[in-house]
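Single-structure report; data block below.
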Amino acid sequence: MLPRAEQKQQTRLALMDAARHLMECGRGFGSLSLREVAKTAGIVPTGFYRHFADMDQLGLVLVSEVGQTFRATIRLVRHNEFVMGGIIDASVRIFLDVVSANRSQFLFWLANSTVAVLPCAKPSPPCAKTSLATSPPT
């Protein structure tokens, strides 16, 4: 039998995994109920409160987890930028690997983030076609 603290940590992780699993199925965090998260984790709903005060606290822990993954990714890029051929190549390769390895975290982040797209104040002028060849002096 596992020590009490370890068992409690496993149940907490099971609740987090349950929420991520439900979101991987296309649900947003706001649509999840405490009861279904607890049921998916294999515990009774009242057991949820031994680990989180409410669904908001669970959501904050999931957001924090994504933040930790982002910070670890940035450290990894900085450590490997010269080995991998520069900061841009290292950033893209490492970021894609981390997203692939932590799919549910990034699906949570993407499904629950709001990105505002602001319209341009005035449209950009069309690009002028220019020739790279220089004209001979006249």
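Chain lettering (A, B, ...) mirrors the order of the structure tokens, residue numbering begins at 1 for each chain separately, and ligand numbering begins at 1 in order of display.
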
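Residues lying within 9 Å of Leu76 (chain A), counting only C-alpha atoms and ignoring same-chain neighbours fewer than 4 positions away, are Arg71, Ala72, Asn80, Glu81, Ala90, Ser91 and Ile94 of chain A.
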
Convert the current residue selection to file output with all heavy atoms, as a PDB file, in the first residue's frame.
ATOM      1  N   ARG A  71       8.289  27.678 -19.578  1.00  0.00           N
ATOM      2  CA  ARG A  71       9.578  28.129 -19.020  1.00  0.00           C
ATOM      3  C   ARG A  71      10.665  27.083 -19.233  1.00  0.00           C
ATOM      4  O   ARG A  71      11.796  27.426 -19.597  1.00  0.00           O
ATOM      5  CB  ARG A  71       9.420  28.474 -17.544  1.00  0.00           C
ATOM      6  CG  ARG A  71       8.682  29.788 -17.323  1.00  0.00           C
ATOM      7  CD  ARG A  71       8.703  30.238 -15.875  1.00  0.00           C
ATOM      8  NE  ARG A  71       7.957  29.348 -14.993  1.00  0.00           N
ATOM      9  CZ  ARG A  71       6.639  29.342 -14.838  1.00  0.00           C
ATOM     10  NH1 ARG A  71       5.902  30.192 -15.520  1.00  0.00           N
ATOM     11  NH2 ARG A  71       6.048  28.520 -14.005  1.00  0.00           N
ATOM     12  N   ALA A  72      10.343  25.826 -19.040  1.00  0.00           N
ATOM     13  CA  ALA A  72      11.322  24.754 -19.263  1.00  0.00           C
ATOM     14  C   ALA A  72      11.728  24.712 -20.738  1.00  0.00           C
ATOM     15  O   ALA A  72      12.901  24.481 -21.061  1.00  0.00           O
ATOM     16  CB  ALA A  72      10.754  23.409 -18.825  1.00  0.00           C
ATOM     17  N   ASN A  80      20.405  24.974 -25.954  1.00  0.00           N
ATOM     18  CA  ASN A  80      20.732  24.236 -27.173  1.00  0.00           C
ATOM     19  C   ASN A  80      20.793  25.081 -28.443  1.00  0.00           C
ATOM     20  O   ASN A  80      20.966  24.532 -29.523  1.00  0.00           O
ATOM     21  CB  ASN A  80      19.702  23.119 -27.388  1.00  0.00           C
ATOM     22  CG  ASN A  80      19.852  22.025 -26.375  1.00  0.00           C
ATOM     23  OD1 ASN A  80      20.862  21.368 -26.310  1.00  0.00           O
ATOM     24  ND2 ASN A  80      18.837  21.846 -25.556  1.00  0.00           N
ATOM     25  N   GLU A  81      20.671  26.392 -28.338  1.00  0.00           N
ATOM     26  CA  GLU A  81      20.578  27.205 -29.545  1.00  0.00           C
ATOM     27  C   GLU A  81      21.797  27.075 -30.456  1.00  0.00           C
ATOM     28  O   GLU A  81      21.655  27.036 -31.674  1.00  0.00           O
ATOM     29  CB  GLU A  81      20.311  28.670 -29.216  1.00  0.00           C
ATOM     30  CG  GLU A  81      21.463  29.393 -28.543  1.00  0.00           C
ATOM     31  CD  GLU A  81      21.135  30.845 -28.277  1.00  0.00           C
ATOM     32  OE1 GLU A  81      21.174  31.638 -29.233  1.00  0.00           O
ATOM     33  OE2 GLU A  81      20.835  31.173 -27.127  1.00  0.00           O
ATOM     34  N   ALA A  90      16.432  26.203 -33.206  1.00  0.00           N
ATOM     35  CA  ALA A  90      16.283  25.541 -31.903  1.00  0.00           C
ATOM     36  C   ALA A  90      14.890  25.795 -31.336  1.00  0.00           C
ATOM     37  O   ALA A  90      14.243  24.868 -30.831  1.00  0.00           O
ATOM     38  CB  ALA A  90      17.353  26.035 -30.929  1.00  0.00           C
ATOM     39  N   SER A  91      14.414  27.018 -31.445  1.00  0.00           N
ATOM     40  CA  SER A  91      13.094  27.358 -30.912  1.00  0.00           C
ATOM     41  C   SER A  91      12.001  26.540 -31.569  1.00  0.00           C
ATOM     42  O   SER A  91      11.143  25.965 -30.898  1.00  0.00           O
ATOM     43  CB  SER A  91      12.792  28.842 -31.125  1.00  0.00           C
ATOM     44  OG  SER A  91      13.706  29.640 -30.444  1.00  0.00           O
ATOM     45  N   ILE A  94      12.455  22.564 -30.795  1.00  0.00           N
ATOM     46  CA  ILE A  94      12.180  22.227 -29.396  1.00  0.00           C
ATOM     47  C   ILE A  94      10.724  22.491 -29.056  1.00  0.00           C
ATOM     48  O   ILE A  94      10.071  21.677 -28.406  1.00  0.00           O
ATOM     49  CB  ILE A  94      13.142  22.983 -28.455  1.00  0.00           C
ATOM     50  CG1 ILE A  94      14.560  22.415 -28.622  1.00  0.00           C
ATOM     51  CG2 ILE A  94      12.687  22.879 -27.009  1.00  0.00           C
ATOM     52  CD1 ILE A  94      15.644  23.201 -27.915  1.00  0.00           C
TER      53      ILE A  94
END

Shell of 7 Å around Pro45 (chain A), only C-alpha atoms, local chain residues under 5 positions omitted, as a list of chain:residue names:
A:Leu34, A:Arg35, A:Ala38

message = Residues near Phe52 (chain A), anyone? I mean within 10 Å using only C-alpha atoms, not counting same-chain ones fewer than 4 positions away, as number ranges by chain.
response = A: 12, 15, 47-48, 56-59, 61

Based on the selection just made, write N, CA and C atoms of those residues as a PDB file, in the first residue's frame.
ATOM      1  N   ARG A  12      -4.645  13.514  -6.953  1.00  0.00           N
ATOM      2  CA  ARG A  12      -4.622  14.890  -7.477  1.00  0.00           C
ATOM      3  C   ARG A  12      -4.227  14.874  -8.957  1.00  0.00           C
ATOM      4  N   LEU A  15      -7.064  13.634 -11.120  1.00  0.00           N
ATOM      5  CA  LEU A  15      -8.067  14.662 -11.384  1.00  0.00           C
ATOM      6  C   LEU A  15      -7.597  15.598 -12.504  1.00  0.00           C
ATOM      7  N   GLY A  47     -14.748  13.704  -2.899  1.00  0.00           N
ATOM      8  CA  GLY A  47     -13.299  13.506  -2.799  1.00  0.00           C
ATOM      9  C   GLY A  47     -12.517  14.579  -3.531  1.00  0.00           C
ATOM     10  N   PHE A  48     -13.157  15.216  -4.510  1.00  0.00           N
ATOM     11  CA  PHE A  48     -12.515  16.298  -5.265  1.00  0.00           C
ATOM     12  C   PHE A  48     -12.028  17.392  -4.323  1.00  0.00           C
ATOM     13  N   ASP A  56     -12.287  26.233 -10.302  1.00  0.00           N
ATOM     14  CA  ASP A  56     -11.385  27.342 -10.630  1.00  0.00           C
ATOM     15  C   ASP A  56      -9.965  27.043 -10.173  1.00  0.00           C
ATOM     16  N   GLN A  57      -9.814  26.481  -8.990  1.00  0.00           N
ATOM     17  CA  GLN A  57      -8.481  26.160  -8.499  1.00  0.00           C
ATOM     18  C   GLN A  57      -7.832  25.079  -9.371  1.00  0.00           C
ATOM     19  N   LEU A  58      -8.605  24.084  -9.791  1.00  0.00           N
ATOM     20  CA  LEU A  58      -8.082  23.071 -10.707  1.00  0.00           C
ATOM     21  C   LEU A  58      -7.614  23.736 -12.002  1.00  0.00           C
ATOM     22  N   GLY A  59      -8.409  24.655 -12.535  1.00  0.00           N
ATOM     23  CA  GLY A  59      -8.028  25.364 -13.755  1.00  0.00           C
ATOM     24  C   GLY A  59      -6.745  26.161 -13.581  1.00  0.00           C
ATOM     25  N   VAL A  61      -4.312  25.495 -11.531  1.00  0.00           N
ATOM     26  CA  VAL A  61      -3.198  24.537 -11.468  1.00  0.00           C
ATOM     27  C   VAL A  61      -2.827  24.081 -12.881  1.00  0.00           C
TER      28      VAL A  61
END

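Across the structure, CA of Ala14 (chain A) and CA of Arg75 (chain A) are spaced 27.8 Å apart.
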
note - CA of Gly30 (chain A) and CA of Leu96 (chain A) are separated by 26.7 Å

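A straight line drawn from CA of Thr40 (chain A) to CA of Leu13 (chain A) is 12.1 Å long.
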
* To do: Among the residues of region 5-35 of chain A, find those DSSP assigns to alpha helix (DSSP H) from the backbone and print them as a VMD selection string.
  => chain A and resid 5 to 24 34 to 35

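If you measure from each of A:Val99, A:Gln105, A:Gln9, A:Ala41 to Thr73 (chain A) using only C-alpha atoms, the closest one turns out to be A:Val99.
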
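Considering the residues A:Arg78, A:Ile43, A:Val37, A:Gly28 and counting only C-alpha atoms, Gln10 (chain A) has its shortest atom-to-atom contact with A:Ile43.
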
Using only C-alpha atoms, the shortest atom-to-atom distance to Ser64 (chain A) among A:Ile87, A:Phe108, A:Leu2, A:Arg93 belongs to A:Phe108

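Within 12 Å of Val63 (chain A), once only C-alpha atoms are used and residues closer than 2 positions along the same chain are dropped, the contacting residues are Met16, Arg20, Phe29, Asp56, Gln57, Leu58, Gly59, Leu60, Val61, Glu65, Val66, Gly67, Gln68, Thr69, Phe70, Ser104, Gln105, Phe106, Leu107, Phe108, Trp109, Leu110, Ala111, Asn112 and Ser113 of chain A.
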
Selection to disk with N, CA, C and O atoms, as a short mmCIF file (atom, residue, chain, number, x, y, z; two decimals), in the first residue's frame:
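Saved result, result-v5.cif, follows:
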data_model
loop_
_atom_site.label_atom_id
_atom_site.label_comp_id
_atom_site.auth_asym_id
_atom_site.auth_seq_id
_atom_site.Cartn_x
_atom_site.Cartn_y
_atom_site.Cartn_z
N MET A 16 -6.34 15.97 -12.48
CA MET A 16 -5.79 16.83 -13.52
C MET A 16 -5.82 16.11 -14.87
O MET A 16 -6.21 16.68 -15.89
N ARG A 20 -7.91 17.08 -18.32
CA ARG A 20 -7.24 17.19 -19.63
C ARG A 20 -7.83 16.20 -20.63
O ARG A 20 -8.03 16.53 -21.80
N PHE A 29 -12.69 23.95 -20.85
CA PHE A 29 -12.64 23.77 -19.40
C PHE A 29 -13.92 24.28 -18.73
O PHE A 29 -14.44 23.67 -17.81
N ASP A 56 -12.29 26.23 -10.30
CA ASP A 56 -11.38 27.34 -10.63
C ASP A 56 -9.96 27.04 -10.17
O ASP A 56 -9.00 27.33 -10.89
N GLN A 57 -9.81 26.48 -8.99
CA GLN A 57 -8.48 26.16 -8.50
C GLN A 57 -7.83 25.08 -9.37
O GLN A 57 -6.64 25.17 -9.69
N LEU A 58 -8.61 24.08 -9.79
CA LEU A 58 -8.08 23.07 -10.71
C LEU A 58 -7.61 23.74 -12.00
O LEU A 58 -6.53 23.45 -12.50
N GLY A 59 -8.41 24.66 -12.54
CA GLY A 59 -8.03 25.36 -13.75
C GLY A 59 -6.74 26.16 -13.58
O GLY A 59 -5.88 26.16 -14.46
N LEU A 60 -6.59 26.82 -12.44
CA LEU A 60 -5.36 27.58 -12.17
C LEU A 60 -4.15 26.67 -12.11
O LEU A 60 -3.06 27.03 -12.58
N VAL A 61 -4.31 25.50 -11.53
CA VAL A 61 -3.20 24.54 -11.47
C VAL A 61 -2.83 24.08 -12.88
O VAL A 61 -1.64 23.97 -13.21
N GLU A 65 0.72 24.69 -14.78
CA GLU A 65 1.46 23.58 -15.38
C GLU A 65 1.93 23.94 -16.79
O GLU A 65 3.08 23.67 -17.17
N VAL A 66 1.06 24.56 -17.58
CA VAL A 66 1.45 24.98 -18.93
C VAL A 66 2.56 26.03 -18.85
O VAL A 66 3.52 25.99 -19.61
N GLY A 67 2.44 26.96 -17.90
CA GLY A 67 3.48 27.97 -17.72
C GLY A 67 4.83 27.36 -17.38
O GLY A 67 5.86 27.78 -17.90
N GLN A 68 4.82 26.35 -16.53
CA GLN A 68 6.08 25.66 -16.18
C GLN A 68 6.67 24.98 -17.40
O GLN A 68 7.88 25.00 -17.61
N THR A 69 5.81 24.40 -18.22
CA THR A 69 6.30 23.74 -19.44
C THR A 69 6.90 24.77 -20.39
O THR A 69 7.95 24.53 -20.99
N PHE A 70 6.25 25.93 -20.54
CA PHE A 70 6.80 26.99 -21.39
C PHE A 70 8.17 27.46 -20.88
O PHE A 70 9.11 27.62 -21.66
N SER A 104 -1.91 17.39 -24.30
CA SER A 104 -3.11 17.77 -23.54
C SER A 104 -2.95 19.12 -22.86
O SER A 104 -3.91 19.88 -22.77
N GLN A 105 -1.74 19.44 -22.41
CA GLN A 105 -1.51 20.76 -21.80
C GLN A 105 -1.77 21.87 -22.81
O GLN A 105 -2.41 22.87 -22.52
N PHE A 106 -1.24 21.69 -24.01
CA PHE A 106 -1.36 22.73 -25.01
C PHE A 106 -2.76 22.81 -25.59
O PHE A 106 -3.22 23.89 -25.95
N LEU A 107 -3.46 21.69 -25.66
CA LEU A 107 -4.87 21.74 -26.07
C LEU A 107 -5.68 22.52 -25.04
O LEU A 107 -6.55 23.31 -25.39
N PHE A 108 -5.40 22.30 -23.76
CA PHE A 108 -6.06 23.06 -22.70
C PHE A 108 -5.79 24.55 -22.87
O PHE A 108 -6.69 25.38 -22.85
N TRP A 109 -4.52 24.89 -23.04
CA TRP A 109 -4.14 26.29 -23.18
C TRP A 109 -4.79 26.93 -24.40
O TRP A 109 -5.37 28.01 -24.32
N LEU A 110 -4.74 26.22 -25.51
CA LEU A 110 -5.30 26.76 -26.75
C LEU A 110 -6.82 26.91 -26.67
O LEU A 110 -7.36 27.94 -27.05
N ALA A 111 -7.49 25.91 -26.13
CA ALA A 111 -8.96 25.94 -26.06
C ALA A 111 -9.46 26.99 -25.09
O ALA A 111 -10.60 27.45 -25.21
N ASN A 112 -8.65 27.37 -24.13
CA ASN A 112 -9.12 28.28 -23.09
C ASN A 112 -8.45 29.63 -23.11
O ASN A 112 -8.62 30.43 -22.18
N SER A 113 -7.67 29.91 -24.14
CA SER A 113 -7.04 31.23 -24.23
C SER A 113 -7.88 32.09 -25.15
O SER A 113 -8.56 31.61 -26.04
#
